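Q: There's a structure below that I have some questions on.
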Amino acid sequence: MTIPLPLVYDLDPDDIAASMTELGEPGYRTDQLLHALYVDLVSSAEEITTFSKSLRGNLAERYSFSHLDPVLSLDSTDGHTTKTLFKLPDGDAIEAVLMRYRDRSTLCISTQAGCAMGCVFCATGQMGFKGNLTRGQIVEQVVYYARRMQTEGKRPTNIVMMGMGEPFHNYDATLDAIDLLNHPEAMNLGARRFTVSTVGLVPAIRRFTSEDRQVNLAVSLHAATDEARTAMLPVNARYPLGELIPACRDYVQKTG
């Protein structure tokens with residue numbers, strides 16, 4: 001397996017600024033690169049026409065502009081939903097989905113390849129855990145669909161971390177991806193446009209609450225008793241409803 005170059009979407013604005021400094025470029029290049037990546041939605045360094053040929057070459061030598069290979073894409077019969085299968089550099093695969101509604105366009109994004117939660121009704125859970133995605137690999141799913149929608153004169157309005165994997169099992173990368181997509185110099189999606197869906201990892205919900213974010217929280221409940229819920233979601237044996245529901249109430253109370 002060929003080891004890919006570092007993914008450019010793994011860089012936050014501070015990382016980009018540091019990289020430009022290393023290359024001897026002025027500070028305004030940081031904003032130009034962010035604009036190229038998240039507004040112009042370029043797919044290669046060569047497309048950044050505001051940069052000199054030498055700078056484009058330096059970026060192409062340092063960074064990959066894609067770690068996701070879209071190997072299969074399926075559309076629903078009504079044309080409102082598109083599901084894409086991506087192959088990762090290590091050979092694992094993930095899915096992401098675009099759902100078009102009258103007043104919004106929602107992306108369902110993966111945060112892991114496979115999943116360790118083992119929920120009995122979930123095909124991903126039965127796969128087992130393959131690996132965590134990086135911040136950039138999460139972000140790139142959004143950028144991929146944003147490019148497709150750009151040709152329609154539209155853009156994603158809502159992002160749901162509800163694809164493959166348990167987002168809170170990959171907490172740092174998931175929230176770092178949201179922070180980058182929320183950044184005013186990047187995609188500038190409002191915090192309320194994001195939803196993190198969890199099977200109920202209580203310590204992560206408590207951490208999420210303590211960070212005082214305005215990101216939406218969704219919990220896959222599926223049953224109202226511990227006996228029934230544990231039969232479907234093994235994680236409930238560790239974090240039963242008596243712990244989960246108070247954690248959710250505290251989140252709602254703090255964030256509204």
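How things are named: the first chain in the structure tokens is A, the next is B, and so on; residues count from 1 in each chain; ligands count from 1 in the order shown.
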Within 10 Å of Asp179 (chain A), counting only C-alpha atoms, which residues qualify if same-chain residues fewer than 6 places away don't, as a ChimeraX atom specification?
A: /A:12,135,173,186-191
Q: Since we have the selection now, will you write its residues out, keeping N, CA and C atoms, as an mmCIF file, in the first residue's frame?
A:
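This is the output file again-v4.cif:
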```cif
data_model
loop_
_atom_site.group_PDB
_atom_site.id
_atom_site.type_symbol
_atom_site.label_atom_id
_atom_site.label_comp_id
_atom_site.auth_asym_id
_atom_site.auth_seq_id
_atom_site.Cartn_x
_atom_site.Cartn_y
_atom_site.Cartn_z
ATOM 1 N N ASP A 12 -6.046 22.847 9.800
ATOM 2 C CA ASP A 12 -6.923 23.944 10.205
ATOM 3 C C ASP A 12 -6.261 25.258 9.791
ATOM 4 N N ARG A 135 -9.875 14.047 10.732
ATOM 5 C CA ARG A 135 -10.681 15.256 10.519
ATOM 6 C C ARG A 135 -10.862 15.504 9.026
ATOM 7 N N ALA A 173 -11.661 13.962 16.298
ATOM 8 C CA ALA A 173 -11.697 14.179 14.848
ATOM 9 C C ALA A 173 -13.062 14.682 14.400
ATOM 10 N N ALA A 186 -13.767 29.138 6.258
ATOM 11 C CA ALA A 186 -13.860 27.868 5.535
ATOM 12 C C ALA A 186 -15.261 27.759 4.932
ATOM 13 N N MET A 187 -16.049 26.739 5.351
ATOM 14 C CA MET A 187 -17.373 26.581 4.736
ATOM 15 C C MET A 187 -18.432 27.436 5.414
ATOM 16 N N ASN A 188 -18.133 27.908 6.634
ATOM 17 C CA ASN A 188 -18.992 28.864 7.340
ATOM 18 C C ASN A 188 -20.417 28.343 7.540
ATOM 19 N N LEU A 189 -20.543 27.053 7.839
ATOM 20 C CA LEU A 189 -21.841 26.485 8.184
ATOM 21 C C LEU A 189 -22.111 26.733 9.667
ATOM 22 N N GLY A 190 -23.271 27.263 9.992
ATOM 23 C CA GLY A 190 -23.604 27.579 11.374
ATOM 24 C C GLY A 190 -23.612 26.343 12.259
ATOM 25 N N ALA A 191 -23.269 26.513 13.536
ATOM 26 C CA ALA A 191 -23.193 25.382 14.463
ATOM 27 C C ALA A 191 -24.512 24.621 14.544
#
```
Q: Residues near Ala237 (chain A), anyone? I mean within 10 Å using only C-alpha atoms, not counting same-chain ones fewer than 5 positions away, as JSON, numbers by chain.
A: {"A": [226, 227, 229, 230, 231]}
Q: Which parts of region 204-233 of chain A does DSSP call helix (DSSP H, G or I) when run on the backbone here, written out as a list in words?
A: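 Residues meeting the helix (DSSP H, G or I) criterion: Ala204, Ile205, Arg206, Arg207, Phe208, Thr209, Ser210, Asp226, Glu227, Ala228, Arg229, Thr230, Ala231 and Met232 of chain A.
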Q: Can I get the selection written as a PDB file, in the first residue's frame, with N, CA and C atoms?
A:
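Once written, selection20.pdb looks like this:
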```pdb
ATOM      1  N   ALA A 204     -18.955  10.940  26.867  1.00  0.00           N
ATOM      2  CA  ALA A 204     -18.779  11.852  25.737  1.00  0.00           C
ATOM      3  C   ALA A 204     -19.887  12.894  25.695  1.00  0.00           C
ATOM      4  N   ILE A 205     -21.114  12.488  26.033  1.00  0.00           N
ATOM      5  CA  ILE A 205     -22.212  13.463  26.097  1.00  0.00           C
ATOM      6  C   ILE A 205     -21.922  14.504  27.167  1.00  0.00           C
ATOM      7  N   ARG A 206     -21.397  14.060  28.309  1.00  0.00           N
ATOM      8  CA  ARG A 206     -21.045  14.998  29.377  1.00  0.00           C
ATOM      9  C   ARG A 206     -19.943  15.958  28.916  1.00  0.00           C
ATOM     10  N   ARG A 207     -18.959  15.437  28.213  1.00  0.00           N
ATOM     11  CA  ARG A 207     -17.887  16.288  27.688  1.00  0.00           C
ATOM     12  C   ARG A 207     -18.454  17.285  26.683  1.00  0.00           C
ATOM     13  N   PHE A 208     -19.302  16.797  25.801  1.00  0.00           N
ATOM     14  CA  PHE A 208     -19.954  17.623  24.787  1.00  0.00           C
ATOM     15  C   PHE A 208     -20.705  18.772  25.458  1.00  0.00           C
ATOM     16  N   THR A 209     -21.415  18.452  26.533  1.00  0.00           N
ATOM     17  CA  THR A 209     -22.172  19.461  27.273  1.00  0.00           C
ATOM     18  C   THR A 209     -21.239  20.500  27.885  1.00  0.00           C
ATOM     19  N   SER A 210     -20.129  20.047  28.448  1.00  0.00           N
ATOM     20  CA  SER A 210     -19.213  20.963  29.136  1.00  0.00           C
ATOM     21  C   SER A 210     -18.559  21.957  28.182  1.00  0.00           C
ATOM     22  N   ASP A 226     -34.367  -0.783  29.909  1.00  0.00           N
ATOM     23  CA  ASP A 226     -32.991  -1.260  29.802  1.00  0.00           C
ATOM     24  C   ASP A 226     -32.925  -2.660  29.197  1.00  0.00           C
ATOM     25  N   GLU A 227     -33.868  -3.516  29.574  1.00  0.00           N
ATOM     26  CA  GLU A 227     -33.838  -4.887  29.064  1.00  0.00           C
ATOM     27  C   GLU A 227     -33.954  -4.909  27.543  1.00  0.00           C
ATOM     28  N   ALA A 228     -34.939  -4.191  27.026  1.00  0.00           N
ATOM     29  CA  ALA A 228     -35.151  -4.167  25.577  1.00  0.00           C
ATOM     30  C   ALA A 228     -34.015  -3.444  24.869  1.00  0.00           C
ATOM     31  N   ARG A 229     -33.565  -2.367  25.458  1.00  0.00           N
ATOM     32  CA  ARG A 229     -32.513  -1.580  24.797  1.00  0.00           C
ATOM     33  C   ARG A 229     -31.188  -2.333  24.766  1.00  0.00           C
ATOM     34  N   THR A 230     -30.824  -2.997  25.844  1.00  0.00           N
ATOM     35  CA  THR A 230     -29.563  -3.738  25.881  1.00  0.00           C
ATOM     36  C   THR A 230     -29.561  -4.881  24.869  1.00  0.00           C
ATOM     37  N   ALA A 231     -30.738  -5.455  24.624  1.00  0.00           N
ATOM     38  CA  ALA A 231     -30.832  -6.538  23.649  1.00  0.00           C
ATOM     39  C   ALA A 231     -30.497  -6.060  22.243  1.00  0.00           C
ATOM     40  N   MET A 232     -30.723  -4.780  21.980  1.00  0.00           N
ATOM     41  CA  MET A 232     -30.455  -4.222  20.652  1.00  0.00           C
ATOM     42  C   MET A 232     -29.163  -3.432  20.592  1.00  0.00           C
TER      43      MET A 232
END
```
Q: Might you pull out every residue within 12 Å of Ala96 (chain A), with only C-alpha atoms counted and same-chain residues fewer than 6 positions away left off, and present them as a PyMOL selection string?
A: chain A and resi 68+70+72-74+81-87+106-113+137-145+159-165
Q: Excluding same-chain residues fewer than 6 positions from Arg102 (chain A), what lies within 12 Å of it counting only C-alpha atoms, as a PyMOL selection string?
A: chain A and resi 80+154+157
Q: Using the selection just defined, write its residues with all heavy atoms as a PDB file, in the first residue's frame.
A:
```pdb
ATOM      1  N   HIS A  80     -33.993  12.207  -5.235  1.00  0.00           N
ATOM      2  CA  HIS A  80     -33.781  13.108  -4.102  1.00  0.00           C
ATOM      3  C   HIS A  80     -32.624  12.672  -3.205  1.00  0.00           C
ATOM      4  O   HIS A  80     -32.131  13.471  -2.410  1.00  0.00           O
ATOM      5  CB  HIS A  80     -35.058  13.211  -3.264  1.00  0.00           C
ATOM      6  CG  HIS A  80     -36.186  13.880  -3.980  1.00  0.00           C
ATOM      7  ND1 HIS A  80     -37.494  13.851  -3.534  1.00  0.00           N
ATOM      8  CD2 HIS A  80     -36.206  14.618  -5.124  1.00  0.00           C
ATOM      9  CE1 HIS A  80     -38.264  14.521  -4.369  1.00  0.00           C
ATOM     10  NE2 HIS A  80     -37.503  14.995  -5.339  1.00  0.00           N
ATOM     11  N   LYS A 154     -26.383  25.031  -5.812  1.00  0.00           N
ATOM     12  CA  LYS A 154     -26.798  24.825  -4.425  1.00  0.00           C
ATOM     13  C   LYS A 154     -25.596  24.457  -3.576  1.00  0.00           C
ATOM     14  O   LYS A 154     -24.496  24.239  -4.074  1.00  0.00           O
ATOM     15  CB  LYS A 154     -27.859  23.713  -4.352  1.00  0.00           C
ATOM     16  CG  LYS A 154     -29.124  24.017  -5.134  1.00  0.00           C
ATOM     17  CD  LYS A 154     -30.105  22.864  -5.054  1.00  0.00           C
ATOM     18  CE  LYS A 154     -31.379  23.157  -5.842  1.00  0.00           C
ATOM     19  NZ  LYS A 154     -32.326  22.022  -5.800  1.00  0.00           N
ATOM     20  N   THR A 157     -26.842  22.378   3.387  1.00  0.00           N
ATOM     21  CA  THR A 157     -27.341  23.257   4.445  1.00  0.00           C
ATOM     22  C   THR A 157     -27.232  22.613   5.820  1.00  0.00           C
ATOM     23  O   THR A 157     -27.166  23.331   6.826  1.00  0.00           O
ATOM     24  CB  THR A 157     -28.807  23.647   4.196  1.00  0.00           C
ATOM     25  OG1 THR A 157     -29.621  22.456   4.190  1.00  0.00           O
ATOM     26  CG2 THR A 157     -28.958  24.378   2.869  1.00  0.00           C
TER      27      THR A 157
END
```
Q: Applying 12 Å and only C-alpha atoms, which residues near Ser220 (chain A) remain after dropping the ones on its own chain fewer than 3 positions away? List them as a short mmCIF file (atom, residue, chain, number, x, y, z; two decimals) with C-alpha atoms, in the first residue's frame.
A:
```cif
data_model
loop_
_atom_site.label_atom_id
_atom_site.label_comp_id
_atom_site.auth_asym_id
_atom_site.auth_seq_id
_atom_site.Cartn_x
_atom_site.Cartn_y
_atom_site.Cartn_z
CA CYS A 119 -25.92 -2.70 17.50
CA PHE A 121 -29.96 -3.95 13.71
CA CYS A 122 -27.04 -2.11 12.06
CA MET A 162 -24.96 9.68 11.43
CA GLU A 166 -20.09 6.15 16.38
CA VAL A 196 -24.04 14.55 16.16
CA SER A 197 -25.84 11.21 16.54
CA THR A 198 -24.76 8.81 19.27
CA VAL A 199 -25.90 5.47 20.66
CA GLY A 200 -25.39 6.95 24.11
CA LEU A 201 -21.78 7.23 25.24
CA LEU A 217 -27.35 16.18 19.75
CA ALA A 223 -36.37 1.22 23.44
CA ALA A 224 -37.74 2.63 26.69
CA ARG A 229 -32.51 -1.58 24.80
CA MET A 232 -30.46 -4.22 20.65
CA LEU A 233 -27.68 -1.85 21.73
CA VAL A 235 -23.63 -0.22 24.93
CA ASN A 236 -26.72 0.15 27.13
CA LEU A 241 -31.05 4.69 30.63
CA LEU A 244 -28.20 8.37 29.64
CA ILE A 245 -31.44 10.31 30.08
CA CYS A 248 -29.34 14.27 27.68
#
```
Q: When you draw a straight line from CA of Gly136 (chain A) to CA of Ala116 (chain A), how long is it in Å?
A: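 Between CA of Gly136 (chain A) and CA of Ala116 (chain A) the gap is 21.3 Å.
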Q: Go through A:Val120, A:Leu5, A:Leu180, A:Val215 one by one, measure the shortest atom-to-atom distance of each to Thr195 (chain A) using only C-alpha atoms, and give the residue with the smallest value.
A: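 Closest residue, counting only C-alpha atoms: A:Val215.
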Q: I'd like to know which of A:Leu11, A:Ala45, A:Leu98, A:Leu133 is closest to Arg155 (chain A), using only C-alpha atoms.
A: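 The closest residue to Arg155 (chain A) is A:Leu98.
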Q: Could you find all residues in region 14-238 of chain A that DSSP calls strand (DSSP E or B) from the backbone, and write them as a ChimeraX atom specification?
A: /A:64,69-75,81-87,93-100,105-108,112-114,129-132,158-161,194-198,216-219
Q: Got a sec: who's within 12 Å of Tyr28 (chain A), counting only C-alpha atoms, leaving out chain neighbours fewer than 2 positions off, as number ranges by chain?
A: A: 13, 16-17, 20-21, 24-26, 30-35, 50-51, 185
Q: May I have the selected residues written with N, CA, C and O atoms, as a short mmCIF file (atom, residue, chain, number, x, y, z; two decimals), in the first residue's frame?
A:
```cif
data_model
loop_
_atom_site.label_atom_id
_atom_site.label_comp_id
_atom_site.auth_asym_id
_atom_site.auth_seq_id
_atom_site.Cartn_x
_atom_site.Cartn_y
_atom_site.Cartn_z
N PRO A 13 -6.93 26.40 9.96
CA PRO A 13 -6.34 27.67 9.52
C PRO A 13 -4.96 27.95 10.10
O PRO A 13 -4.08 28.49 9.41
N ILE A 16 -2.45 25.86 8.20
CA ILE A 16 -2.21 26.42 6.86
C ILE A 16 -1.29 27.63 6.96
O ILE A 16 -0.35 27.79 6.16
N ALA A 17 -1.52 28.48 7.96
CA ALA A 17 -0.67 29.65 8.15
C ALA A 17 0.77 29.25 8.41
O ALA A 17 1.71 29.84 7.85
N MET A 20 2.33 28.06 5.15
CA MET A 20 2.67 29.18 4.26
C MET A 20 3.93 29.90 4.74
O MET A 20 4.77 30.34 3.94
N THR A 21 4.08 30.01 6.05
CA THR A 21 5.28 30.63 6.61
C THR A 21 6.52 29.81 6.24
O THR A 21 7.56 30.37 5.85
N GLY A 24 7.67 30.50 2.93
CA GLY A 24 8.10 31.87 2.68
C GLY A 24 7.04 32.73 2.03
O GLY A 24 7.36 33.74 1.38
N GLU A 25 5.77 32.35 2.23
CA GLU A 25 4.67 33.09 1.60
C GLU A 25 4.07 34.10 2.59
O GLU A 25 4.12 33.90 3.79
N PRO A 26 3.48 35.17 2.08
CA PRO A 26 2.85 36.17 2.95
C PRO A 26 1.60 35.62 3.62
O PRO A 26 1.00 34.64 3.16
N THR A 30 -2.94 32.35 3.38
CA THR A 30 -3.77 31.45 4.18
C THR A 30 -5.23 31.62 3.82
O THR A 30 -5.94 30.63 3.55
N ASP A 31 -5.71 32.86 3.80
CA ASP A 31 -7.11 33.11 3.44
C ASP A 31 -7.39 32.69 2.00
O ASP A 31 -8.48 32.17 1.70
N GLN A 32 -6.43 32.87 1.13
CA GLN A 32 -6.62 32.48 -0.27
C GLN A 32 -6.77 30.97 -0.40
O GLN A 32 -7.62 30.49 -1.18
N LEU A 33 -5.97 30.22 0.35
CA LEU A 33 -6.07 28.76 0.27
C LEU A 33 -7.38 28.28 0.88
O LEU A 33 -8.04 27.39 0.33
N LEU A 34 -7.79 28.85 2.00
CA LEU A 34 -9.07 28.48 2.60
C LEU A 34 -10.22 28.76 1.62
O LEU A 34 -11.13 27.94 1.47
N HIS A 35 -10.17 29.90 0.96
CA HIS A 35 -11.20 30.25 -0.02
C HIS A 35 -11.19 29.25 -1.17
O HIS A 35 -12.26 28.81 -1.63
N THR A 50 -5.02 31.74 -8.21
CA THR A 50 -4.50 32.91 -7.50
C THR A 50 -3.07 32.68 -7.01
O THR A 50 -2.42 33.63 -6.55
N PHE A 51 -2.58 31.44 -7.09
CA PHE A 51 -1.23 31.11 -6.65
C PHE A 51 -0.28 31.03 -7.85
O PHE A 51 -0.70 30.68 -8.96
N GLU A 185 -13.89 31.37 7.74
CA GLU A 185 -13.03 31.45 6.55
C GLU A 185 -13.01 30.14 5.77
O GLU A 185 -12.33 30.03 4.76
#
```
Q: Which residues are close to His67 (chain A), i.e. within 7 Å by only C-alpha atoms, leaving aside same-chain residues fewer than 2 positions away? Reply as a ChimeraX atom specification.
A: /A:7,69,88-89,137
Q: Store the residues picked out above, limited to C-alpha atoms, as a CSV table (one decimal), in the first residue's frame.
A:
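Resulting contents of selection08.csv:
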```
chain,number,residue,atom,x,y,z
A,7,LEU,CA,-4.5,15.4,3.4
A,69,ASP,CA,-12.0,7.4,-4.0
A,88,LEU,CA,-10.0,4.9,1.7
A,89,PRO,CA,-6.2,4.7,1.2
A,137,GLN,CA,-11.5,12.5,5.7
```
Q: Which residue gives the smallest distance to Tyr239 (chain A) among A:Thr2, A:Val42, A:Val202, A:Met99, with only C-alpha atoms counted?
A: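 Using only C-alpha atoms, the shortest distance to Tyr239 (chain A) belongs to A:Val202.
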Q: Identify which of the residues A:Phe65, A:Met117, A:Asp14, A:Ile94 lies closest to Phe168 (chain A), counting only C-alpha atoms when measuring atom-to-atom distances.
A: A:Met117
Q: So, with only C-alpha atoms as the atoms that count, which of A:Pro234, A:Pro240, A:Gly153, A:Pro4 lies closest to Gly118 (chain A)?
A: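 For Gly118 (chain A), the nearest of the candidates is A:Pro234.
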